[in-house]
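Q: PDB, C-alpha atoms, saved as structure19.pdb, coming up:
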```pdb
ATOM      1  CA  PRO V   1       0.000   0.000   0.000
ATOM      2  CA  VAL V   2       1.055   3.577  -0.674
ATOM      3  CA  GLU V   3       0.455   6.333   1.858
ATOM      4  CA  LEU V   4      -1.058   9.396   0.209
ATOM      5  CA  ARG V   5       0.155  12.866   1.067
ATOM      6  CA  SER V   6      -2.099  14.290   3.768
ATOM      7  CA  GLY V   7      -4.013  17.512   3.211
ATOM      8  CA  PRO V   8      -7.048  19.390   4.487
ATOM      9  CA  PHE V   9      -9.422  16.707   3.183
ATOM     10  CA  ILE V  10      -7.169  13.628   3.184
ATOM     11  CA  PRO V  11      -6.577  12.307   6.699
ATOM     12  CA  ARG V  12      -2.956  11.606   7.581
ATOM     13  CA  GLY V  13      -2.048   7.974   7.092
ATOM     14  CA  THR V  14      -4.696   7.310   4.442
ATOM     15  CA  GLN V  15      -3.551   4.385   2.318
ATOM     16  CA  TYR V  16      -4.581   3.112  -1.090
ATOM     17  CA  PRO V  17      -3.200  -0.057  -2.691
ATOM     18  CA  TRP V  18      -2.666   1.556  -6.124
ATOM     19  CA  THR V  19      -1.103   4.749  -7.401
ATOM     20  CA  ASP V  20      -1.931   4.265 -11.083
ATOM     21  CA  ARG V  21      -4.827   3.259 -13.317
ATOM     22  CA  ASN V  22      -4.838   0.835 -16.226
ATOM     23  CA  THR V  23      -7.638   0.634 -18.803
ATOM     24  CA  PHE V  24      -8.069  -2.218 -21.276
ATOM     25  CA  GLY V  25     -10.764  -2.149 -23.918
ATOM     26  CA  SER V  26     -12.124  -4.050 -26.899
ATOM     27  CA  SER V  27     -14.511  -2.604 -29.479
ATOM     28  CA  PHE V  28     -16.817  -4.434 -31.850
ATOM     29  CA  SER V  29     -18.885  -2.957 -34.672
ATOM     30  CA  TYR V  30     -21.231  -4.264 -37.319
ATOM     31  CA  THR V  31     -22.677  -2.089 -40.065
ATOM     32  CA  GLN V  32     -25.497  -2.932 -42.437
ATOM     33  CA  ILE V  33     -26.784  -1.053 -45.461
ATOM     34  CA  VAL V  34     -30.472  -1.941 -45.293
ATOM     35  CA  ASN V  35     -31.393  -0.170 -48.538
ATOM     36  CA  THR V  36     -30.410   2.890 -50.547
ATOM     37  CA  ARG V  37     -31.729   5.184 -47.805
ATOM     38  CA  LEU V  38     -31.077   3.435 -44.464
ATOM     39  CA  GLN V  39     -27.790   2.448 -42.858
ATOM     40  CA  LEU V  40     -27.458   0.823 -39.412
ATOM     41  CA  ALA V  41     -24.473   0.270 -37.134
ATOM     42  CA  LEU V  42     -24.297  -1.899 -33.999
ATOM     43  CA  LEU V  43     -21.453  -1.048 -31.616
ATOM     44  CA  ALA V  44     -20.301  -2.812 -28.451
ATOM     45  CA  ASP V  45     -17.383  -2.310 -26.073
ATOM     46  CA  VAL V  46     -15.914  -4.307 -23.219
ATOM     47  CA  ILE V  47     -13.765  -2.182 -20.904
ATOM     48  CA  PHE V  48     -11.817  -3.261 -17.833
ATOM     49  CA  GLN V  49     -10.167  -0.808 -15.430
ATOM     50  CA  GLN V  50      -7.775  -1.595 -12.630
ATOM     51  CA  GLY V  51      -6.008   0.624 -10.132
ATOM     52  CA  PHE V  52      -6.814   3.901  -8.422
ATOM     53  CA  LEU V  53     -10.384   4.491  -9.658
ATOM     54  CA  GLY V  54     -11.381   7.071  -7.049
ATOM     55  CA  LEU V  55     -10.494  10.744  -6.896
ATOM     56  CA  PRO V  56      -8.520  11.846  -3.821
ATOM     57  CA  PHE V  57      -9.916  15.401  -3.875
ATOM     58  CA  HIS V  58     -13.536  14.194  -3.560
ATOM     59  CA  ARG V  59     -14.668  14.545   0.038
ATOM     60  CA  VAL V  60     -17.223  12.257   1.685
ATOM     61  CA  TYR V  61     -18.944  13.383   4.883
ATOM     62  CA  PHE V  62     -20.173  10.583   7.136
ATOM     63  CA  THR V  63     -23.169  10.755   9.457
ATOM     64  CA  ASP V  64     -20.823  11.530  12.383
ATOM     65  CA  ASN V  65     -19.537  14.607  10.449
ATOM     66  CA  THR V  66     -16.095  13.082   9.860
ATOM     67  CA  VAL V  67     -14.479  13.743   6.478
ATOM     68  CA  HIS V  68     -13.065  10.967   4.328
ATOM     69  CA  MET V  69     -11.474  10.576   0.926
ATOM     70  CA  GLU V  70     -13.642   8.895  -1.698
ATOM     71  CA  ASN V  71     -13.022   5.143  -1.639
ATOM     72  CA  LEU V  72     -14.053   2.946  -4.578
ATOM     73  CA  PRO V  73     -13.168  -0.597  -5.739
ATOM     74  CA  THR V  74      -9.891  -1.093  -7.566
ATOM     75  CA  THR V  75     -11.514  -2.889 -10.534
ATOM     76  CA  ARG V  76     -14.388  -1.986 -12.838
ATOM     77  CA  TRP V  77     -16.032  -3.672 -15.820
ATOM     78  CA  LYS V  78     -17.965  -1.503 -18.301
ATOM     79  CA  ILE V  79     -20.161  -2.801 -21.126
ATOM     80  CA  PRO V  80     -21.823  -0.201 -23.386
ATOM     81  CA  ILE V  81     -23.920  -1.322 -26.383
ATOM     82  CA  SER V  82     -25.241   1.157 -28.943
ATOM     83  CA  LEU V  83     -27.199   1.359 -32.164
ATOM     84  CA  ARG V  84     -26.690   4.135 -34.718
ATOM     85  CA  PHE V  85     -28.722   4.849 -37.837
ATOM     86  CA  SER V  86     -28.657   7.268 -40.779
ATOM     87  CA  TYR V  87     -31.696   7.715 -42.984
ATOM     88  CA  PHE V  88     -31.407   9.693 -46.215
ATOM     89  CA  ALA V  89     -34.954  11.020 -46.539
ATOM     90  CA  SER V  90     -34.143  13.224 -49.518
ATOM     91  CA  ASP V  91     -31.372  15.315 -51.067
ATOM     92  CA  HIS V  92     -32.194  18.012 -48.519
ATOM     93  CA  LEU V  93     -32.805  15.974 -45.334
ATOM     94  CA  ILE V  94     -30.785  13.326 -43.486
ATOM     95  CA  LEU V  95     -31.972  11.864 -40.166
ATOM     96  CA  ARG V  96     -29.345  10.607 -37.726
ATOM     97  CA  GLY V  97     -30.226   8.733 -34.551
ATOM     98  CA  TYR V  98     -28.361   7.019 -31.734
ATOM     99  CA  TYR V  99     -29.262   4.818 -28.750
ATOM    100  CA  ARG V 100     -26.818   3.537 -26.141
ATOM    101  CA  TYR V 101     -27.216   1.291 -23.110
ATOM    102  CA  TYR V 102     -24.486   1.240 -20.463
ATOM    103  CA  GLN V 103     -23.949  -1.162 -17.555
ATOM    104  CA  ASP V 104     -21.041  -1.762 -15.205
ATOM    105  CA  ASP V 105     -20.323  -3.950 -12.198
ATOM    106  CA  TRP V 106     -20.721  -0.994  -9.826
ATOM    107  CA  ASP V 107     -24.454  -1.251 -10.630
ATOM    108  CA  LEU V 108     -24.390   2.020 -12.561
ATOM    109  CA  SER V 109     -26.613   1.892 -15.644
ATOM    110  CA  ALA V 110     -27.594   4.507 -18.208
ATOM    111  CA  HIS V 111     -29.612   5.098 -21.376
ATOM    112  CA  THR V 112     -28.692   7.649 -24.051
ATOM    113  CA  LEU V 113     -31.001   8.644 -26.879
ATOM    114  CA  SER V 114     -30.166  11.317 -29.475
ATOM    115  CA  ILE V 115     -31.605  12.592 -32.732
ATOM    116  CA  GLU V 116     -30.051  14.993 -35.236
ATOM    117  CA  PRO V 117     -31.734  15.928 -38.525
ATOM    118  CA  VAL V 118     -29.391  17.470 -41.092
ATOM    119  CA  ILE V 119     -31.203  20.012 -43.266
ATOM    120  CA  LYS V 120     -29.419  20.971 -46.508
ATOM    121  CA  PRO V 121     -30.987  23.988 -48.243
ATOM    122  CA  THR V 122     -28.127  23.790 -50.750
ATOM    123  CA  ALA V 123     -25.380  21.326 -51.551
ATOM    124  CA  PHE V 124     -22.849  23.529 -49.719
ATOM    125  CA  PHE V 125     -24.795  24.650 -46.618
ATOM    126  CA  SER V 126     -26.470  22.585 -43.873
ATOM    127  CA  ILE V 127     -28.241  23.192 -40.552
ATOM    128  CA  SER V 128     -28.360  20.449 -37.922
ATOM    129  CA  PRO V 129     -30.514  20.886 -34.795
ATOM    130  CA  PHE V 130     -29.906  18.156 -32.220
ATOM    131  CA  TYR V 131     -31.263  16.764 -28.954
ATOM    132  CA  ARG V 132     -29.780  14.205 -26.558
ATOM    133  CA  LEU V 133     -31.481  12.613 -23.549
ATOM    134  CA  TYR V 134     -29.421  10.834 -20.894
ATOM    135  CA  VAL V 135     -30.880   8.922 -17.943
ATOM    136  CA  GLN V 136     -28.563   7.420 -15.315
ATOM    137  CA  GLN V 137     -29.169   5.117 -12.360
ATOM    138  CA  ALA V 138     -26.707   5.662  -9.502
ATOM    139  CA  THR V 139     -23.921   3.319  -8.536
ATOM    140  CA  LYS V 140     -24.502   1.348  -5.344
ATOM    141  CA  TYR V 141     -21.584   3.187  -3.728
ATOM    142  CA  PHE V 142     -23.133   6.663  -3.990
ATOM    143  CA  ALA V 143     -24.823   8.569  -1.189
ATOM    144  CA  PRO V 144     -25.117  12.349  -0.666
ATOM    145  CA  TYR V 145     -23.833  14.517   2.191
ATOM    146  CA  GLN V 146     -23.779  12.864   5.630
ATOM    147  CA  VAL V 147     -25.468   9.609   4.626
ATOM    148  CA  HIS V 148     -22.515   7.216   4.514
ATOM    149  CA  THR V 149     -21.488   5.444   7.705
ATOM    150  CA  ALA V 150     -18.388   3.610   8.883
ATOM    151  CA  ALA V 151     -20.153   0.384   7.924
ATOM    152  CA  ASN V 152     -19.757   1.238   4.229
ATOM    153  CA  ARG V 153     -16.694  -0.411   2.729
ATOM    154  CA  PHE V 154     -16.823   1.746  -0.414
ATOM    155  CA  TYR V 155     -18.274   5.240  -0.611
ATOM    156  CA  THR V 156     -18.556   8.297  -2.835
ATOM    157  CA  SER V 157     -20.580  11.503  -2.900
ATOM    158  CA  ASN V 158     -19.576  12.377  -6.452
ATOM    159  CA  PHE V 159     -22.822  13.388  -8.174
ATOM    160  CA  ASP V 160     -21.433  12.207 -11.524
ATOM    161  CA  LEU V 161     -22.106   8.731 -10.096
ATOM    162  CA  SER V 162     -25.593   9.598  -8.803
ATOM    163  CA  SER V 163     -29.007   9.146 -10.416
ATOM    164  CA  PHE V 164     -29.859  12.007 -12.758
ATOM    165  CA  THR V 165     -31.375  12.940 -16.103
ATOM    166  CA  SER V 166     -29.706  15.352 -18.503
ATOM    167  CA  HIS V 167     -30.785  17.160 -21.664
ATOM    168  CA  PHE V 168     -28.452  18.555 -24.299
ATOM    169  CA  PHE V 169     -29.906  20.452 -27.229
ATOM    170  CA  GLY V 170     -28.851  23.053 -29.748
ATOM    171  CA  SER V 171     -27.976  23.456 -33.386
ATOM    172  CA  GLY V 172     -25.094  23.617 -35.770
ATOM    173  CA  MET V 173     -24.376  24.999 -39.207
ATOM    174  CA  ARG V 174     -21.813  23.886 -41.769
ATOM    175  CA  LEU V 175     -20.595  25.731 -44.830
ATOM    176  CA  ALA V 176     -18.363  24.076 -47.412
ATOM    177  CA  THR V 177     -17.937  25.553 -50.885
ATOM    178  CA  PRO V 178     -15.587  24.358 -53.662
ATOM    179  CA  GLY V 179     -13.887  27.720 -54.017
ATOM    180  CA  GLY V 180     -13.262  28.202 -50.295
ATOM    181  CA  VAL V 181     -15.207  29.757 -47.419
ATOM    182  CA  LEU V 182     -15.445  33.489 -46.708
ATOM    183  CA  GLY V 183     -13.226  34.266 -49.662
ATOM    184  CA  TRP V 184     -10.332  32.155 -48.368
ATOM    185  CA  SER V 185      -9.498  29.385 -50.840
ATOM    186  CA  LYS V 186      -7.562  27.311 -48.266
ATOM    187  CA  LEU V 187     -10.557  27.177 -45.905
ATOM    188  CA  SER V 188     -12.654  24.358 -47.359
ATOM    189  CA  ALA V 189     -15.233  24.002 -44.541
ATOM    190  CA  LEU V 190     -16.506  25.915 -41.517
ATOM    191  CA  GLU V 191     -18.762  24.417 -38.853
ATOM    192  CA  LEU V 192     -20.227  26.267 -35.858
ATOM    193  CA  ARG V 193     -22.221  24.515 -33.116
ATOM    194  CA  TYR V 194     -24.001  25.708 -29.984
ATOM    195  CA  GLY V 195     -25.521  23.490 -27.295
ATOM    196  CA  HIS V 196     -27.216  24.025 -23.942
ATOM    197  CA  TYR V 197     -26.809  21.335 -21.270
ATOM    198  CA  THR V 198     -29.033  20.872 -18.205
ATOM    199  CA  ARG V 199     -28.996  18.203 -15.508
ATOM    200  CA  THR V 200     -31.546  17.441 -12.810
ATOM    201  CA  ASN V 201     -28.948  17.904 -10.043
ATOM    202  CA  ASN V 202     -28.656  21.585 -11.007
ATOM    203  CA  LEU V 203     -25.671  21.471 -13.359
ATOM    204  CA  MET V 204     -26.007  23.700 -16.437
ATOM    205  CA  SER V 205     -23.589  24.676 -19.169
ATOM    206  CA  ASP V 206     -23.384  26.226 -22.632
ATOM    207  CA  VAL V 207     -21.043  24.832 -25.266
ATOM    208  CA  ILE V 208     -19.863  26.666 -28.392
ATOM    209  CA  SER V 209     -17.529  24.932 -30.822
ATOM    210  CA  LEU V 210     -15.923  26.044 -34.069
ATOM    211  CA  ASN V 211     -14.395  23.570 -36.514
ATOM    212  CA  LEU V 212     -12.302  24.691 -39.470
ATOM    213  CA  THR V 213     -11.027  22.497 -42.293
ATOM    214  CA  ILE V 214      -7.936  23.885 -43.986
ATOM    215  CA  ARG V 215      -6.483  22.250 -47.072
TER     216      ARG V 215
END
```
Using the file provided, produce a representation of the structure as structure tokens.

A:
Amino acid sequence: PVELRSGPFIPRGTQYPWTDRNTFGSSFSYTQIVNTRLQLALLADVIFQQGFLGLPFHRVYFTDNTVHMENLPTTRWKIPISLRFSYFASDHLILRGYYRYYQDDWDLSAHTLSIEPVIKPTAFFSISPFYRLYVQQATKYFAPYQVHTAANRFYTSNFDLSSFTSHFFGSGMRLATPGGVLGWSKLSALELRYGHYTRTNNLMSDVISLNLTIR
């Protein structure tokens, strides 16, 4: 075991049997062109992690008001399975959809569902509104402030491992013209996206991204 450096939220003498983290993963995919308009893809991963899987700066308050460092198992199996589809409705509309189911041996499970229509008024300009729904069931090791007791072998109060529902929605636009974008011949494509993220445990954010393709 390795003794961690003590600090205001890590009691002196706290020990953890690992100081590193190893991740091993395998990915499988199967794609099928159903017809001239519909394409499907089935994706599956098997991921194994071993080592220090907690975060030493995450505090956990017990019922007796003592403060502890997050303590989680040193191994974790993750198995996500997803289905992706693209449907070419017409020359001006493409529908893209995605569903993902996630399960691990910490009893955390989640469902992800997203839809993104791509609207193409012209061959060189497209608009793509999107929406993603995420529903998560908490790991068995999670409990909020002052709920854990000394009887718990593993414990965390990290709300990323709690039960919550999130929504992410917004839109993007992409411009790609043969002679260049905005009068610059070397700029072959410009994509701008904005998304608003909300979560039922009061987390909110706004994301703006700009992608440039230079040839």

Q: Please measure the separation of atom CA of V:Phe142 and atom CA of V:Ile47, giving the value in Å to one decimal.

A: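 Separation of atom CA of V:Phe142 and atom CA of V:Ile47: 21.3 Å.
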
Q: At a cut-off of 7 Å, using all atoms listed in the file, what residues contact V:Arg59? Leave out same-chain residues fewer than 5 positions from it and give the result as a list of chain:residue names.

A: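 Result of the neighbour search: V:Phe9, V:Val67, V:His68, V:Met69, V:Glu70.
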
Q: Pick out the closest residue to V:Tyr30 from this set: V:Ala89, V:Val60, V:Met173, V:Ile81. Count only C-alpha atoms.

A: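 Using only C-alpha atoms, the shortest distance to V:Tyr30 belongs to V:Ile81.
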
Q: Given the file shown, determine the residues that the PyMOL selection byres ((chain V and resi 180) around 12) selects; report them as a VMD selection string.

A: chain V and resid 124 175 to 179 181 to 190 212 to 215

Q: Enumerate, as a PDB file with C-alpha atoms, in the frame of the given file, the residues matched when the PyMOL selection byres ((chain V and resi 84) around 6) is run on the file above.

A:
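Final output, saved to part-v6.pdb:
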```pdb
ATOM      1  CA  LEU V  40     -27.458   0.823 -39.412  1.00  0.00           C
ATOM      2  CA  ALA V  41     -24.473   0.270 -37.134  1.00  0.00           C
ATOM      3  CA  LEU V  83     -27.199   1.359 -32.164  1.00  0.00           C
ATOM      4  CA  PHE V  85     -28.722   4.849 -37.837  1.00  0.00           C
ATOM      5  CA  GLY V  97     -30.226   8.733 -34.551  1.00  0.00           C
ATOM      6  CA  TYR V  98     -28.361   7.019 -31.734  1.00  0.00           C
TER       7      TYR V  98
END
```

Q: Determine the nearest neighbour of V:Arg153 from the options V:Gln49, V:Pro117, V:Leu72, V:Ser90, counting only C-alpha atoms.

A: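 Of V:Gln49, V:Pro117, V:Leu72, V:Ser90, the one nearest V:Arg153 is V:Leu72, counting only C-alpha atoms.
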
Q: Near V:Val135, within 6 Å and counting all atoms listed in the file, which residues show up once chain neighbours fewer than 5 positions away are dropped, as a list in words?

A: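 That gives Ala110, His111 and Thr165 of chain V.
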
Q: When the PyMOL selection byres ((chain V and resi 73) around 12) is applied to the file above, which residues end up in the set, as a PyMOL selection string?

A: chain V and resi 16-18+21+49-55+70-72+74-77+105-106+139-141+153-156

Q: Work out how far apart atom CA of V:Asn202 and atom CA of V:Phe130 are and give it in Å to one decimal.

A: 21.5 Å

Q: Please list as a PyMOL selection string every residue within 12 Å of V:Gln136, counting only C-alpha atoms and excluding residues in the same chain fewer than 5 positions away.

A: chain V and resi 100-104+107-113+159-167+199-201

Q: Just the selected residues (C-alpha atoms), exported as a compact mmCIF listing (two decimals), in the frame of the given file, please.

A:
```
# COMPACT_ATOMS: atom_id res chain seq x y z
CA ARG V 100 -26.82 3.54 -26.14
CA TYR V 101 -27.22 1.29 -23.11
CA TYR V 102 -24.49 1.24 -20.46
CA GLN V 103 -23.95 -1.16 -17.56
CA ASP V 104 -21.04 -1.76 -15.20
CA ASP V 107 -24.45 -1.25 -10.63
CA LEU V 108 -24.39 2.02 -12.56
CA SER V 109 -26.61 1.89 -15.64
CA ALA V 110 -27.59 4.51 -18.21
CA HIS V 111 -29.61 5.10 -21.38
CA THR V 112 -28.69 7.65 -24.05
CA LEU V 113 -31.00 8.64 -26.88
CA PHE V 159 -22.82 13.39 -8.17
CA ASP V 160 -21.43 12.21 -11.52
CA LEU V 161 -22.11 8.73 -10.10
CA SER V 162 -25.59 9.60 -8.80
CA SER V 163 -29.01 9.15 -10.42
CA PHE V 164 -29.86 12.01 -12.76
CA THR V 165 -31.38 12.94 -16.10
CA SER V 166 -29.71 15.35 -18.50
CA HIS V 167 -30.78 17.16 -21.66
CA ARG V 199 -29.00 18.20 -15.51
CA THR V 200 -31.55 17.44 -12.81
CA ASN V 201 -28.95 17.90 -10.04
```

Q: Please build the interface table for stretch 82-171 of chain V against stretch 192-195 of chain V with a cut-off of 6 Å, listing for each qualifying residue the nearest atom pair and the distance in Å to one decimal; count only C-alpha atoms, order rows by chain and increasing number, and write it as JSON lines.

A:
```
{"residue": "V:Phe169", "atom": "CA", "partner": "V:Gly195", "partner_atom": "CA", "distance": 5.3}
{"residue": "V:Gly170", "atom": "CA", "partner": "V:Gly195", "partner_atom": "CA", "distance": 4.2}
{"residue": "V:Ser171", "atom": "CA", "partner": "V:Tyr194", "partner_atom": "CA", "distance": 5.7}
```

Q: Would you work out the distance separating atom CA of V:Ile79 from atom CA of V:Ala44, expressed in Å to one decimal?

A: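 Atom CA of V:Ala44 lies at a distance of 7.3 Å from atom CA of V:Ile79.
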
Q: From the list V:His196, V:His92, V:His58, V:Arg37, which residue is nearest V:Val118 when using all atoms listed in the file?

A: V:His92

Q: So, counting all atoms listed in the file, which residue among V:Pro121, V:Pro144, V:Gly25, V:Pro80 is closest to V:Ile94?

A: V:Pro121

Q: Point out the residue among V:Asn158, V:Val147, V:Ala123, V:Thr66 with the least atom-to-atom distance to V:Asp91, counting only C-alpha atoms.

A: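 Among the listed residues, the smallest separation from V:Asp91 belongs to V:Ala123.
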
Q: Go through V:Phe48, V:Phe28, V:Tyr145, V:Tyr134 and flag the residue nearest V:Lys78, using only C-alpha atoms for the distances.

A: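 That would be V:Phe48, the residue with the smallest distance to V:Lys78.
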
Q: To test the calculation: enclose all listed atoms of stretch 76-84 of chain V in a box whose edges run along x, y and z, add 5 Å on each side, then state centre and edge lengths in Å to one decimal, as JSON.

A:
```
{"center_x": -20.8, "center_y": 0.2, "center_z": -23.8, "size_x": 22.8, "size_y": 17.8, "size_z": 31.9}
```

Q: Find the residues with any atom within 6 Å of (-19.8, 10.6, 2.8); use all atoms listed in the file and the coordinates as given in the file, and write the answer as a ChimeraX atom specification.

A: /V:60-62,145-146,148,157

Q: Save stretch 113-136 of chain V to a file: N, CA and C atoms, as a short mmCIF file (atom, residue, chain, number, x, y, z; two decimals), in the first residue's frame.

A:
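The new file selection.cif reads:
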```cif
data_model
loop_
_atom_site.label_atom_id
_atom_site.label_comp_id
_atom_site.auth_asym_id
_atom_site.auth_seq_id
_atom_site.Cartn_x
_atom_site.Cartn_y
_atom_site.Cartn_z
N LEU V 113 -30.22 8.60 -25.65
CA LEU V 113 -31.00 8.64 -26.88
C LEU V 113 -30.79 10.01 -27.52
N SER V 114 -30.39 10.04 -28.80
CA SER V 114 -30.17 11.32 -29.48
C SER V 114 -30.72 11.27 -30.89
N ILE V 115 -31.09 12.44 -31.38
CA ILE V 115 -31.60 12.59 -32.73
C ILE V 115 -31.03 13.87 -33.32
N GLU V 116 -30.63 13.82 -34.58
CA GLU V 116 -30.05 14.99 -35.24
C GLU V 116 -30.43 15.00 -36.72
N PRO V 117 -31.44 15.78 -37.09
CA PRO V 117 -31.73 15.93 -38.52
C PRO V 117 -30.75 16.91 -39.16
N VAL V 118 -30.29 16.58 -40.34
CA VAL V 118 -29.39 17.47 -41.09
C VAL V 118 -30.19 18.03 -42.27
N ILE V 119 -30.41 19.33 -42.24
CA ILE V 119 -31.20 20.01 -43.27
C ILE V 119 -30.24 20.72 -44.21
N LYS V 120 -30.35 20.42 -45.51
CA LYS V 120 -29.42 20.97 -46.51
C LYS V 120 -30.19 21.82 -47.52
N PRO V 121 -30.32 23.13 -47.27
CA PRO V 121 -30.99 23.99 -48.24
C PRO V 121 -30.27 23.99 -49.59
N THR V 122 -28.92 23.88 -49.53
CA THR V 122 -28.13 23.79 -50.75
C THR V 122 -27.11 22.68 -50.56
N ALA V 123 -26.39 22.38 -51.63
CA ALA V 123 -25.38 21.33 -51.55
C ALA V 123 -24.19 21.73 -50.70
N PHE V 124 -24.03 23.03 -50.42
CA PHE V 124 -22.85 23.53 -49.72
C PHE V 124 -23.15 24.06 -48.32
N PHE V 125 -24.43 24.08 -47.92
CA PHE V 125 -24.80 24.65 -46.62
C PHE V 125 -25.79 23.73 -45.93
N SER V 126 -25.57 23.45 -44.62
CA SER V 126 -26.47 22.58 -43.87
C SER V 126 -26.69 23.13 -42.47
N ILE V 127 -27.87 22.84 -41.93
CA ILE V 127 -28.24 23.19 -40.55
C ILE V 127 -28.62 21.90 -39.84
N SER V 128 -28.14 21.72 -38.62
CA SER V 128 -28.36 20.45 -37.92
C SER V 128 -28.76 20.68 -36.47
N PRO V 129 -30.05 20.87 -36.19
CA PRO V 129 -30.51 20.89 -34.79
C PRO V 129 -30.35 19.50 -34.17
N PHE V 130 -30.13 19.46 -32.86
CA PHE V 130 -29.91 18.16 -32.22
C PHE V 130 -30.50 18.16 -30.81
N TYR V 131 -30.78 16.93 -30.32
CA TYR V 131 -31.26 16.76 -28.95
C TYR V 131 -30.75 15.43 -28.43
N ARG V 132 -30.26 15.44 -27.18
CA ARG V 132 -29.78 14.21 -26.56
C ARG V 132 -30.36 14.08 -25.14
N LEU V 133 -30.93 12.93 -24.87
CA LEU V 133 -31.48 12.61 -23.55
C LEU V 133 -30.61 11.55 -22.91
N TYR V 134 -30.26 11.78 -21.63
CA TYR V 134 -29.42 10.83 -20.89
C TYR V 134 -30.06 10.58 -19.53
N VAL V 135 -30.28 9.31 -19.22
CA VAL V 135 -30.88 8.92 -17.94
C VAL V 135 -29.95 7.93 -17.26
N GLN V 136 -29.54 8.25 -16.02
CA GLN V 136 -28.56 7.42 -15.31
C GLN V 136 -29.11 6.96 -13.97
#
```
